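Since the structure comes first, as structure tokens, the remarks are kept for the end.
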Protein chains: 2
Amino acid sequence: MPIRNLHDVFYPDSIAVVGASRDETKRGFRSIQKLLEDGFPGAIYPINPKEPEILGLKCYASVEEIPQAFDLALVCTPAKALAKVIEQCGKKGAKGAVVLAGGFAEAGDDGRRLQEEMVSVARQYGVRIVGPNTSGMFNTHKNCNIVGFSNLRKGDIGLLSQSGNMALSLVTEAQANGQIGLSTYVGIGNESDIRFHEYLDYFADDENTRVLVAYVEGMQDGAAFLEGLRRITRKKPVVLYKSGRTSAGISSAKSHTGALAGDYAVSEGVLRQAGAVLATKSDEIMSLAEALSLLKPLRSRRVAVLADGGGHATIAADSLSESGLSLATLSPESRARLAGILPPSAATANPVDVAGGTDSNPAVFAECAQILLGDPEVDGLLITGLYGGYGVRFSQSLTPIEMETSARIAQIHNESGKPVVVHSLYGSLYADLRPAPLAGIREAGIPVYDSLEMAVRCLQALAEVGEARSRTDCPVPAPAKRSSTFGQIVDICRAEDRAVVLEHEARQALADAGVPMTAKAVLARSPGEAVEAFRQLGEVPVAMKVVSRDIIHKSDAGGVKLNVSNVGAVKQAFDDILANGRQFVQDPDISGVLVTPMAPKGGVEVIVGVVRDPTYGPVMMFGLGGILVEVLKDVVFRSLPLTEGDARQMLEEIRAAEILNGVRGAPPTDKNALVQLMLGISALCTAFPEIEELDLNPVMAYPSGVGILDARILLDAAPQTAATE
Amino acid sequence: MPIRNLHDVFYPDSIAVVGASRDETKRGFRSIQKLLEDGFPGAIYPINPKEPEILGLKCYASVEEIPQAFDLALVCTPAKALAKVIEQCGKKGAKGAVVLAGGFAEAGDDGRRLQEEMVSVARQYGVRIVGPNTSGMFNTHKNCNIVGFSNLRKGDIGLLSQSGNMALSLVTEAQANGQIGLSTYVGIGNESDIRFHEYLDYFADDENTRVLVAYVEGMQDGAAFLEGLRRITRKKPVVLYKSGRTSAGISSAKSHTGALAGDYAVSEGVLRQAGAVLATKSDEIMSLAEALSLLKPLRSRRVAVLADGGGHATIAADSLSESGLSLATLSPESRARLAGILPPSAATANPVDVAGGTDSNPAVFAECAQILLGDPEVDGLLITGLYGGYGVRFSQSLTPIEMETSARIAQIHNESGKPVVVHSLYGSLYADLRPAPLAGIREAGIPVYDSLEMAVRCLQALAEVGEARSRTDCPVPAPAKRSSTFGQIVDICRAEDRAVVLEHEARQALADAGVPMTAKAVLARSPGEAVEAFRQLGEVPVAMKVVSRDIIHKSDAGGVKLNVSNVGAVKQAFDDILANGRQFVQDPDISGVLVTPMAPKGGVEVIVGVVRDPTYGPVMMFGLGGILVEVLKDVVFRSLPLTEGDARQMLEEIRAAEILNGVRGAPPTDKNALVQLMLGISALCTAFPEIEELDLNPVMAYPSGVGILDARILLDAAPQTAATE
């Protein structure tokens, strides 16, 4: 059967409820109740052999007895015998089945067998399975609620979750917010049939979804997930909360879903690379979604702050700075215009503090907003303090002025095309005092926050979305050619049954893949060849290193000699290295000794590596070299293939990024060369999935060019030929 | 006049309102209105020469005309002529005056003169001045509200703020919370008379205040502030928000109060050292205050999590770990008991996930709580998820069970003496659905949070309070003796009119102050003495360094020779160093050449320094050496004198602390020697306020002992003797 579009599954015209019940505490009852309550427009077929009718609907003894074809089955019965049920659904033309029961793959091997059996039947009949072990789904735009959450608000935020309780938390928060609503919710449960990335594609295409929220614990196919994420984030923002970030969290996540939760440093890098806005606290998820559904991205990071008190102005400035946003430098003209309408004690440099200038006339806020949003240096506006509460705080006579002011600000916001967010201490702290001016501004599409820090966090997310778009628009460089040098090297390694690519081979391959290799390296097979290499390199001091498939840690084996600077020493070093190697390993296969000029002084030591992440596939790591970086874990990850924008961002994203720009009088390092190196490695590793691990450590980043001091490539186990010959 | 106790000021029995008004928008009206509304029990004397009465109270033309003595004046009139008003108040026996007007020191030199004049008169009459430029104060326990905030809830949280709007934010949040209330609020305004530390002492002594919240932008006397903070935190928790943390924030803070806002890295270190719980977001302040007012400190950092779903369990585990808390390892007995009452799919390892085991009977929560709080490995409990909402989510019949369960949990909480916090998605998201079970648990003194992360943050604060108590209980070591070696060195420096303490002098002084000086250092004044020193040191390779008041940067002056290893080279090095020095500076005063053994390899390079912070006075900095640490700003600060607990915490608090424990097979460094070094420096700098700056950089921390490779001390400008002789 061709694989069905999930739109067919989540916009059903008719639903069968397998395991329908008259027991009010059961899902088989409550789902039918919700469907009726919410006005589901299509047919509902309860299945229960013991009941004639439920909630006024005729009951069928089995799926087979339903007289018509139907679109979707909600399956409330236990794990056993579900393959049979799915088969019956398939025969009735069902496009999808939402399977609630647990006891499948998450419960061990027996469950896994049951799950595989069910999925196999489903695929035979073209029935797509949501779950099993799911809380269900709803689609407010189809009045189809088969998860049993109450009081859903229809809206444009999609929700995809691996935890039913987290979904309930987020839905409840949306209700409380009062302005935001949801489109489709899907509880993923065990990713038995429909893969995570298929859900992402559904939401990418769903015209009722403007922003997607995803609560992710782990996924079956991380690489496909990332591709799906890249596709959807080109169309709409995704707020993603990845749980299992710490080892404590991961061990809990494993026991929960059986899915493999990756290390967060990797997740953080690759998810952001794919364009997601990462929520790191569960309490910021819905606020971020609201802001992203309402507002345009920030063009850049320059924000104006409009405050009615120094305290909030100062906190806003701190918070912006800590979030990587900046206070826009207002033009002299803007400052003069502000000075013209504010009292002398007001601060007209950003943050603008009206200093009482709005106490008797809050309309001044709109005038200030117009000046600030009209300033070309300003990309977005944060209003913070008492706005919306002047009627409560000072005099009820100010409320009508605030109402008009809100309308004015909404208009200025629309005309400017720049995002505006409001923090107000009267935001929503107590319902009975919620003043109308804030309701007005919220209805006009400007989010209002109780928390100043949350308002700033949302501005930060608006900047991230803008930046991610420009980054994902970067072209992806072509992979290296399979017919290149490295293709031959792989063949040789396979023929010799070795996983270790020797250093001189690795250097050839890297050069071939476009990695800048400033220093020459010559493999010498005899003392004479070593002397020849020394002369060829210009008789500068050289480093000499053993090349052997049997010796990985060369220094430990006495296989490295540095600063060798005359012919006699070169001969001696060659002999010593071989002797040491033979002492270290019994009968080693030594290919020779690599002779390279000593690295020039004065560069910055960095490390570039590629590993295969068990979830996401090949990922590149970048960081500074040295023990301190290791302790501080100051490294960043990206999945391959890398774009130029990705590579440049990796250089910026390490905490010690300043080092690369030159500090204490040191010249800046050659970032273009580093980027070229990273892209070359990406091209190589993308073309050769055989590469299990690649380590350039250290790489010296110089003011001009880079020097690779050691290159190590390991291949994966060769594909097994038939076991018997 | 003796300085009055602030209790007299903030618990007044009678109040004069200078600048009383009939205009409903004026403070001179609204304050009187509030005093009457809130039932202020004492006399109120409005002062206005043009009105016969205001709000039914007889009006007086001037303060002089009030027939009785009174306790407190609220002064609503403008800056000019206030000295006169204060004088009149003083003559009427007033103990305090709250002065609202701006236009004083914050407005420039003219204002500063007005302020000084007013304070001078106030001191003459023993009138304590709150402000000027303050929003006012209230004391709910005296029904005395002269700030004009509405709907105050009486309670035990004190509030001290340098921003009126921030105070309003926090008071509004307390109102919305519904459970917490305030005791005294003081808006500090310009710290003209009463110093910040005096306010701290007031709150320390105030029996109606259990926790103090302080919003701080800057203070006049940072050292006194820290002492006050140490005093109050021994008695009750202080939640402190220091604004002006970033350079953006600081520039805004300066324009607001004119107070000097210090650098946050220093503030963070010294404020935490003094026992404050530092809020870094304004939206966490009141939640922290609530938790600290209700709950006992955490005994240590081991927390149990009780969740009714895997999502919340995982997020809780992540959040705990990111907050430096740990998941308690439950005893096998506890796990067995949990397994006995929970379904087979439940997780009985911490975090405990009941996995549906409470859906039909929430009373199981209380049973779990009893098991968890009874486990000696558990110091505190976090309940997260749907608790309190089972009646809403599943069936109303569960609500009475939840009510009983809340009472049970409250009882278990009290009996255990361990803190319990609850996160519930039904916490307070919408008032109309707030279920009674949560109200019950809140009334019993267990805080309930909407945000899981905030619940964890509060547990973290409970741990911090416990740890701060144990640290501030450390004895403060005695300062060094003024009669020590360094006293004589200071005398010599003063006599020679030099600020630079020479390295051999500094080394003597440090040794004398108990700083472990493992390596000998000998000052040689001639090549012969240098050779003598070389022999005396055992003819090991030595470093030789110029000692001169005129040469600070010795390397730049060619004044350092390393690895000098034979008699001839020692002579040569001596001559070269002198020649280089003479070329570098014209006619330098060279005291000699310091000869020290080369430092052994293998230590960790650290830096220990003391600077005088403009706000807090002498502070010690500790960090690892090297450029990367500088870029990452991985340093910590503490004010002097240091206790042993402070020094040990500094070693733990740098992000790269692991390096000191030995990584990649390196042995751990000798932390005791580092602590001894830091305490010795503290004792020296405490005894000698003449020390402007002290730098030991680098210090090598070895597996046994420490080596000081360079020691630099600068004295401040000598006290000026009479300018004319």
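Lettering and numbering for the structure tokens are positional, with chains as A, B, ... in the shown order, residues counted from 1 in each chain, and ligands counted from 1 in the shown order.
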
Next on the checklist: Using only C-alpha atoms and a cut-off of 7 Å, which residues of chain B sit close to chain A? Please list them as an MDAnalysis selection string.
Outcome noted: chainID B and resid 25 163 165:166 169 173 176 243:246 248:249 252:253 256 281 283 309:315 317:318 321 394 425 429:430 451 453 628 631:632 655:656 658

Checklist entry - segment 113-120 of chain A: which residues within 9 Å, counting only C-alpha atoms, same-chain residues fewer than 2 positions away excluded, as a PyMOL selection string? => result chain A and resi 79-87+103-105+108-111+122-125+127-129+132+192-193

Next on the checklist: Give me, as a list in words, all polymer residues having an atom no more than 7 Å from Arg638 of chain A, counting only C-alpha atoms and skipping those fewer than 5 positions away in the same chain.
Outcome noted: Gly269, Val270, Gln273, Val619, Met620 and Met621 of chain A

Only all heavy atoms, please: the residues just picked out, written as a PDB file, in the first residue's frame.
ATOM      1  N   GLY A 269      23.162  21.391  19.815  1.00  0.00           N
ATOM      2  CA  GLY A 269      23.792  21.879  18.594  1.00  0.00           C
ATOM      3  C   GLY A 269      22.986  21.531  17.350  1.00  0.00           C
ATOM      4  O   GLY A 269      22.702  22.397  16.519  1.00  0.00           O
ATOM      5  N   VAL A 270      22.579  20.291  17.224  1.00  0.00           N
ATOM      6  CA  VAL A 270      21.970  19.874  15.965  1.00  0.00           C
ATOM      7  C   VAL A 270      20.526  20.353  15.851  1.00  0.00           C
ATOM      8  O   VAL A 270      20.061  20.649  14.744  1.00  0.00           O
ATOM      9  CB  VAL A 270      22.068  18.339  15.756  1.00  0.00           C
ATOM     10  CG1 VAL A 270      23.522  17.887  15.826  1.00  0.00           C
ATOM     11  CG2 VAL A 270      21.224  17.574  16.759  1.00  0.00           C
ATOM     12  N   GLN A 273      20.754  23.962  14.946  1.00  0.00           N
ATOM     13  CA  GLN A 273      21.209  24.006  13.558  1.00  0.00           C
ATOM     14  C   GLN A 273      20.036  23.802  12.584  1.00  0.00           C
ATOM     15  O   GLN A 273      19.959  24.463  11.544  1.00  0.00           O
ATOM     16  CB  GLN A 273      22.246  22.903  13.348  1.00  0.00           C
ATOM     17  CG  GLN A 273      22.758  22.738  11.930  1.00  0.00           C
ATOM     18  CD  GLN A 273      23.624  21.487  11.794  1.00  0.00           C
ATOM     19  OE1 GLN A 273      23.554  20.580  12.629  1.00  0.00           O
ATOM     20  NE2 GLN A 273      24.447  21.444  10.774  1.00  0.00           N
ATOM     21  N   VAL A 619      28.110  13.695  13.501  1.00  0.00           N
ATOM     22  CA  VAL A 619      28.097  15.073  13.994  1.00  0.00           C
ATOM     23  C   VAL A 619      29.540  15.546  14.119  1.00  0.00           C
ATOM     24  O   VAL A 619      30.440  14.766  14.434  1.00  0.00           O
ATOM     25  CB  VAL A 619      27.397  15.207  15.370  1.00  0.00           C
ATOM     26  CG1 VAL A 619      25.914  14.910  15.255  1.00  0.00           C
ATOM     27  CG2 VAL A 619      28.039  14.314  16.411  1.00  0.00           C
ATOM     28  N   MET A 620      29.733  16.835  13.834  1.00  0.00           N
ATOM     29  CA  MET A 620      31.060  17.414  13.978  1.00  0.00           C
ATOM     30  C   MET A 620      31.147  18.143  15.308  1.00  0.00           C
ATOM     31  O   MET A 620      30.195  18.785  15.747  1.00  0.00           O
ATOM     32  CB  MET A 620      31.346  18.402  12.849  1.00  0.00           C
ATOM     33  CG  MET A 620      32.776  18.965  12.913  1.00  0.00           C
ATOM     34  SD  MET A 620      33.113  20.119  11.575  1.00  0.00           S
ATOM     35  CE  MET A 620      33.093  19.010  10.185  1.00  0.00           C
ATOM     36  N   MET A 621      32.303  18.010  15.942  1.00  0.00           N
ATOM     37  CA  MET A 621      32.565  18.748  17.172  1.00  0.00           C
ATOM     38  C   MET A 621      33.653  19.775  16.901  1.00  0.00           C
ATOM     39  O   MET A 621      34.614  19.483  16.191  1.00  0.00           O
ATOM     40  CB  MET A 621      33.037  17.789  18.258  1.00  0.00           C
ATOM     41  CG  MET A 621      33.177  18.454  19.621  1.00  0.00           C
ATOM     42  SD  MET A 621      33.956  17.340  20.805  1.00  0.00           S
ATOM     43  CE  MET A 621      35.677  17.669  20.453  1.00  0.00           C
TER      44      MET A 621
END

Excluding same-chain residues fewer than 2 positions from Leu709 of chain B, what lies within 8 Å of it counting only C-alpha atoms, as a PDB file with C-alpha atoms, in the first residue's frame?
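Written file, part.pdb:
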ATOM      1  CA  ALA B 599      59.524  26.000  39.938  1.00  0.00           C
ATOM      2  CA  LEU B 696      50.287  36.475  43.400  1.00  0.00           C
ATOM      3  CA  ASN B 697      50.433  35.500  39.762  1.00  0.00           C
ATOM      4  CA  PRO B 698      51.106  32.830  38.999  1.00  0.00           C
ATOM      5  CA  VAL B 699      50.910  30.596  42.022  1.00  0.00           C
ATOM      6  CA  MET B 700      51.683  26.969  41.228  1.00  0.00           C
ATOM      7  CA  GLY B 707      54.866  27.848  44.848  1.00  0.00           C
ATOM      8  CA  ALA B 711      54.390  38.461  44.217  1.00  0.00           C
TER       9      ALA B 711
END

Next on the checklist: So that I can check the surroundings of Ser331 of chain B, please list as number ranges by chain every protein, DNA and RNA residue that reaches within 9 Å of it, counting only C-alpha atoms and ignoring chain neighbours fewer than 5 positions away.
Outcome noted: B: 336, 375-377

Those same residues, written as an mmCIF file, in the first residue's frame with C-alpha atoms?
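again-v9.cif written:
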data_model
loop_
_atom_site.group_PDB
_atom_site.id
_atom_site.type_symbol
_atom_site.label_atom_id
_atom_site.label_comp_id
_atom_site.auth_asym_id
_atom_site.auth_seq_id
_atom_site.Cartn_x
_atom_site.Cartn_y
_atom_site.Cartn_z
ATOM 1 C CA ALA B 336 10.202 -2.198 48.188
ATOM 2 C CA ASP B 375 13.980 7.647 54.103
ATOM 3 C CA PRO B 376 17.149 8.986 55.786
ATOM 4 C CA GLU B 377 18.723 9.543 52.352
#

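In this comparison, which uses only C-alpha atoms, the residue of B:Ile188, B:Ala509, B:Ile492, B:Ala61 approaching Gly136 of chain B most closely is B:Ile188.
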
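Distances to Ile713 of chain A were evaluated for A:Arg507, A:Lys561, A:His423, A:Lys545 using only C-alpha atoms, and the minimum falls at A:Arg507.
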
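Residues in contact with Gln370 of chain A at up to 10 Å, not including ones fewer than 2 positions away on its chain and judged by only C-alpha atoms, are Ser334, Val364, Phe365, Ala366, Glu367, Cys368, Leu372, Leu373, Gly374, Asp375, Arg408, Ile409, Gln411, Ile412, His413, Glu415 and Ser416 of chain A.
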
Contacts of Gly558 of chain A at 8 Å or less, counting only C-alpha atoms, minus same-chain residues fewer than 5 places along, as an mmCIF file with all heavy atoms, in the first residue's frame?
data_model
loop_
_atom_site.group_PDB
_atom_site.id
_atom_site.type_symbol
_atom_site.label_atom_id
_atom_site.label_comp_id
_atom_site.auth_asym_id
_atom_site.auth_seq_id
_atom_site.Cartn_x
_atom_site.Cartn_y
_atom_site.Cartn_z
ATOM 1 N N ILE A 577 62.637 5.241 16.662
ATOM 2 C CA ILE A 577 61.175 5.110 16.561
ATOM 3 C C ILE A 577 60.799 3.668 16.225
ATOM 4 O O ILE A 577 59.901 3.074 16.841
ATOM 5 C CB ILE A 577 60.622 6.093 15.500
ATOM 6 C CG1 ILE A 577 60.643 7.529 16.064
ATOM 7 C CG2 ILE A 577 59.194 5.714 15.081
ATOM 8 C CD1 ILE A 577 60.315 8.614 15.056
ATOM 9 N N ASN A 580 61.575 1.457 19.286
ATOM 10 C CA ASN A 580 60.573 1.669 20.341
ATOM 11 C C ASN A 580 59.260 0.983 19.989
ATOM 12 O O ASN A 580 58.619 0.357 20.840
ATOM 13 C CB ASN A 580 60.312 3.165 20.541
ATOM 14 C CG ASN A 580 61.496 3.867 21.183
ATOM 15 O OD1 ASN A 580 62.373 3.215 21.746
ATOM 16 N ND2 ASN A 580 61.527 5.188 21.083
ATOM 17 N N GLY A 581 58.859 1.145 18.732
ATOM 18 C CA GLY A 581 57.600 0.543 18.282
ATOM 19 C C GLY A 581 57.636 -0.961 18.450
ATOM 20 O O GLY A 581 56.652 -1.578 18.908
#
